[in-house]
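Have a look at input-v8.cif; it's mmCIF, C-alpha atoms and all ligand atoms:
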data_start
#
loop_
_atom_site.label_atom_id
_atom_site.label_comp_id
_atom_site.auth_asym_id
_atom_site.auth_seq_id
_atom_site.Cartn_x
_atom_site.Cartn_y
_atom_site.Cartn_z
CA MET A 1 -16.53 4.86 -3.18
CA LYS A 2 -13.68 2.67 -1.95
CA SER A 3 -10.73 4.63 -0.64
CA VAL A 4 -7.02 3.98 -0.99
CA LEU A 5 -4.20 5.35 1.18
CA ILE A 6 -1.03 5.78 -0.90
CA VAL A 7 2.24 5.33 0.96
CA ASP A 8 5.53 6.09 -0.80
CA ASP A 9 8.45 8.42 -0.09
CA SER A 10 8.72 9.35 -3.77
CA ILE A 11 6.40 12.15 -4.88
CA VAL A 12 6.60 10.89 -8.47
CA SER A 13 5.44 7.42 -7.38
CA ARG A 14 2.64 8.87 -5.27
CA LYS A 15 1.40 11.02 -8.13
CA MET A 16 1.50 8.14 -10.63
CA LEU A 17 -0.42 5.89 -8.25
CA ALA A 18 -2.95 8.60 -7.43
CA LYS A 19 -3.64 9.18 -11.10
CA LEU A 20 -4.14 5.46 -11.72
CA ILE A 21 -6.31 4.95 -8.65
CA GLU A 22 -8.51 7.98 -9.31
CA SER A 23 -9.03 7.01 -12.93
CA SER A 24 -10.12 3.53 -11.88
CA GLY A 25 -13.15 4.24 -9.74
CA TYR A 26 -11.47 4.62 -6.37
CA THR A 27 -10.85 7.67 -4.26
CA VAL A 28 -7.48 8.54 -2.74
CA ALA A 29 -7.96 8.78 1.05
CA SER A 30 -4.62 10.49 1.50
CA HIS A 31 -0.89 10.22 0.85
CA ALA A 32 1.75 9.22 3.39
CA ILE A 33 5.49 9.64 2.91
CA ASN A 34 6.69 7.01 5.39
CA GLY A 35 5.42 4.13 7.48
CA LYS A 36 4.92 6.20 10.58
CA GLU A 37 2.68 8.64 8.79
CA ALA A 38 0.88 5.71 7.14
CA LEU A 39 -0.04 4.24 10.53
CA GLU A 40 -1.29 7.62 11.78
CA LEU A 41 -3.37 8.22 8.67
CA TYR A 42 -4.70 4.67 8.69
CA LYS A 43 -6.02 5.17 12.21
CA LYS A 44 -7.51 8.53 11.31
CA LEU A 45 -9.06 7.67 7.94
CA SER A 46 -9.71 3.90 7.91
CA PRO A 47 -9.04 3.52 4.18
CA ASP A 48 -10.32 0.39 2.44
CA VAL A 49 -6.90 -0.39 0.95
CA VAL A 50 -3.33 0.80 1.49
CA THR A 51 -0.66 0.72 -1.22
CA MET A 52 2.67 0.48 0.58
CA ASP A 53 6.21 1.12 -0.65
CA ILE A 54 8.92 -0.75 1.27
CA THR A 55 12.01 1.48 1.36
CA MET A 56 11.12 4.71 3.17
CA PRO A 57 12.70 6.85 5.91
CA GLU A 58 11.43 6.80 9.53
CA MET A 59 9.54 3.52 9.20
CA ASN A 60 9.75 1.06 6.30
CA GLY A 61 6.76 -0.53 4.63
CA ILE A 62 7.14 -3.97 6.18
CA ASP A 63 7.15 -2.54 9.71
CA ALA A 64 4.23 -0.27 8.84
CA LEU A 65 2.33 -3.26 7.42
CA LYS A 66 2.87 -5.13 10.69
CA MET A 67 1.73 -2.20 12.81
CA ILE A 68 -1.33 -1.50 10.70
CA ARG A 69 -2.32 -5.18 10.83
CA GLU A 70 -1.78 -5.15 14.58
CA TYR A 71 -4.15 -2.20 14.83
CA ASP A 72 -6.69 -3.68 12.38
CA SER A 73 -6.41 -7.39 11.63
CA ASP A 74 -8.67 -6.90 8.57
CA ALA A 75 -6.48 -4.20 7.03
CA LYS A 76 -5.82 -4.66 3.32
CA VAL A 77 -2.27 -3.64 2.46
CA VAL A 78 -0.79 -4.10 -1.01
CA ILE A 79 2.99 -3.94 -0.95
CA ILE A 80 4.63 -2.26 -3.95
CA SER A 81 8.28 -3.27 -3.87
CA ALA A 82 11.24 -1.97 -5.82
CA ALA A 83 12.94 -4.44 -8.14
CA GLY A 84 15.49 -6.59 -6.33
CA GLN A 85 13.38 -6.89 -3.20
CA ALA A 86 11.65 -10.10 -4.16
CA GLU A 87 13.03 -11.69 -1.00
CA LYS A 88 10.76 -9.31 0.91
CA LYS A 89 7.71 -11.02 -0.54
CA GLN A 90 7.65 -13.88 1.94
CA GLN A 91 8.18 -11.44 4.79
CA ALA A 92 5.28 -9.31 3.54
CA MET A 93 2.96 -12.26 3.05
CA GLU A 94 3.76 -13.60 6.52
CA ALA A 95 2.93 -10.17 7.93
CA GLY A 96 -0.48 -10.37 6.25
CA ALA A 97 -0.05 -8.36 3.05
CA ALA A 98 -3.09 -8.57 0.77
CA GLY A 99 -0.87 -8.42 -2.31
CA PHE A 100 2.65 -7.86 -3.56
CA VAL A 101 3.53 -6.00 -6.76
CA THR A 102 7.07 -5.40 -8.02
CA LYS A 103 8.21 -2.13 -9.64
CA PRO A 104 8.30 -1.35 -12.47
CA TYR A 105 4.69 -2.48 -12.50
CA ASP A 106 1.97 -2.68 -15.12
CA ASN A 107 -1.00 -0.56 -14.07
CA GLN A 108 -3.17 -3.62 -14.36
CA ASP A 109 -1.10 -5.44 -11.71
CA ILE A 110 -1.90 -2.69 -9.22
CA LEU A 111 -5.59 -2.64 -10.13
CA ASP A 112 -5.82 -6.45 -9.89
CA ALA A 113 -4.16 -6.41 -6.46
CA ILE A 114 -6.57 -3.70 -5.23
CA ALA A 115 -9.62 -5.48 -6.70
CA LYS A 116 -8.56 -8.70 -5.00
CA CYS A 117 -8.90 -6.94 -1.64
CA PHE A 118 -12.66 -6.76 -2.21
CA GLU A 119 -13.19 -10.35 -3.32
CA ASP A 120 -14.29 -11.67 0.04
MG MG B 1 10.74 4.26 -1.47
#
Output the structure of this file as structure tokens.
Amino acid sequence: MKSVLIVDDSIVSRKMLAKLIESSGYTVASHAINGKEALELYKKLSPDVVTMDITMPEMNGIDALKMIREYDSDAKVVIISAAGQAEKKQQAMEAGAAGFVTKPYDNQDILDAIAKCFED
């Protein structure tokens, strides 16, 4: 089963994503609460996909995306951005994000972005 690492500093967001991901045929590899923890868990668990919040303490999602992609150039990271951060999209895409979804999101947008990671 494909595994997803959920990265978000909000427990409510993590729980909502976990519920969606687990009900959609994926397994949750783990949860990380900031970018630093995300990088550590990525190295430890090698998840198939990472869902990545942007605004988090310690290390933000854009920096974590860059460091994960530096570690694994094939890493699939879907950025989930808060509303009003659309300007971050270009930054994320340049850093190699596999997808970019804006909150509040439709569940289908998340599932489409994850599915797209397995297209090629
Ligand atoms: Mg956040």
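Between ligand MG 1 (chain B) and the residues A:Leu41, A:Val4, A:Ala95, A:Ile54, the shortest atom-to-atom distance, using only C-alpha atoms and all ligand atoms, involves A:Ile54.
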Close residues to ligand MG 1 (chain B) using only C-alpha atoms and all ligand atoms, limit 8 Å, as number ranges by chain: A: 8-10, 53-56, 82
Take atom CA of A:Ala115 and atom CA of A:Pro57 and report the distance between them in Å, one decimal.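 A separation of 28.4 Å between them.
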Residue nearest A:Gly96 - candidates A:Glu58, A:Asp63, A:Glu37, A:Asp48, atoms counted: only C-alpha atoms: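 Under the stated criterion, the closest residue is A:Asp63.
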Nearest residue to A:Ile21 out of A:Leu111, A:Ala38, A:Val50, A:Ala86, using all atoms listed in the file?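 Under the stated criterion, the closest residue is A:Leu111.
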Using all atoms listed in the file, which of A:Lys44, A:Leu65, A:Leu20, A:Met1 sits nearest A:Asp109?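 With all atoms listed in the file as the atom set, the closest residue is A:Leu20.
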Between A:Met52, A:Ala64, A:Lys19, A:Glu119, which is the closest to A:Lys103 once you count all atoms listed in the file? A:Met52
Between A:Gln90, A:Ile80, A:Tyr42, A:Ala18, which has the minimum distance to A:Ile68 (counting all atoms listed in the file)?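 Going through A:Gln90, A:Ile80, A:Tyr42, A:Ala18 one by one, the smallest distance to A:Ile68 is for A:Tyr42.
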As a PyMOL selection string, please: the residues near A:Asp74 (cut-off 12 Å, only C-alpha atoms, same-chain neighbours under 3 positions excluded). chain A and resi 46-50+65-66+68-71+77+96-98+117-118+120
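Put simply, atom CA of A:Asp72 is 15.6 Å away from atom CA of A:Glu94.
The interatomic distance for the pair atom CA of A:Thr27 and atom CA of A:Ile110 works out to 14.6 Å.
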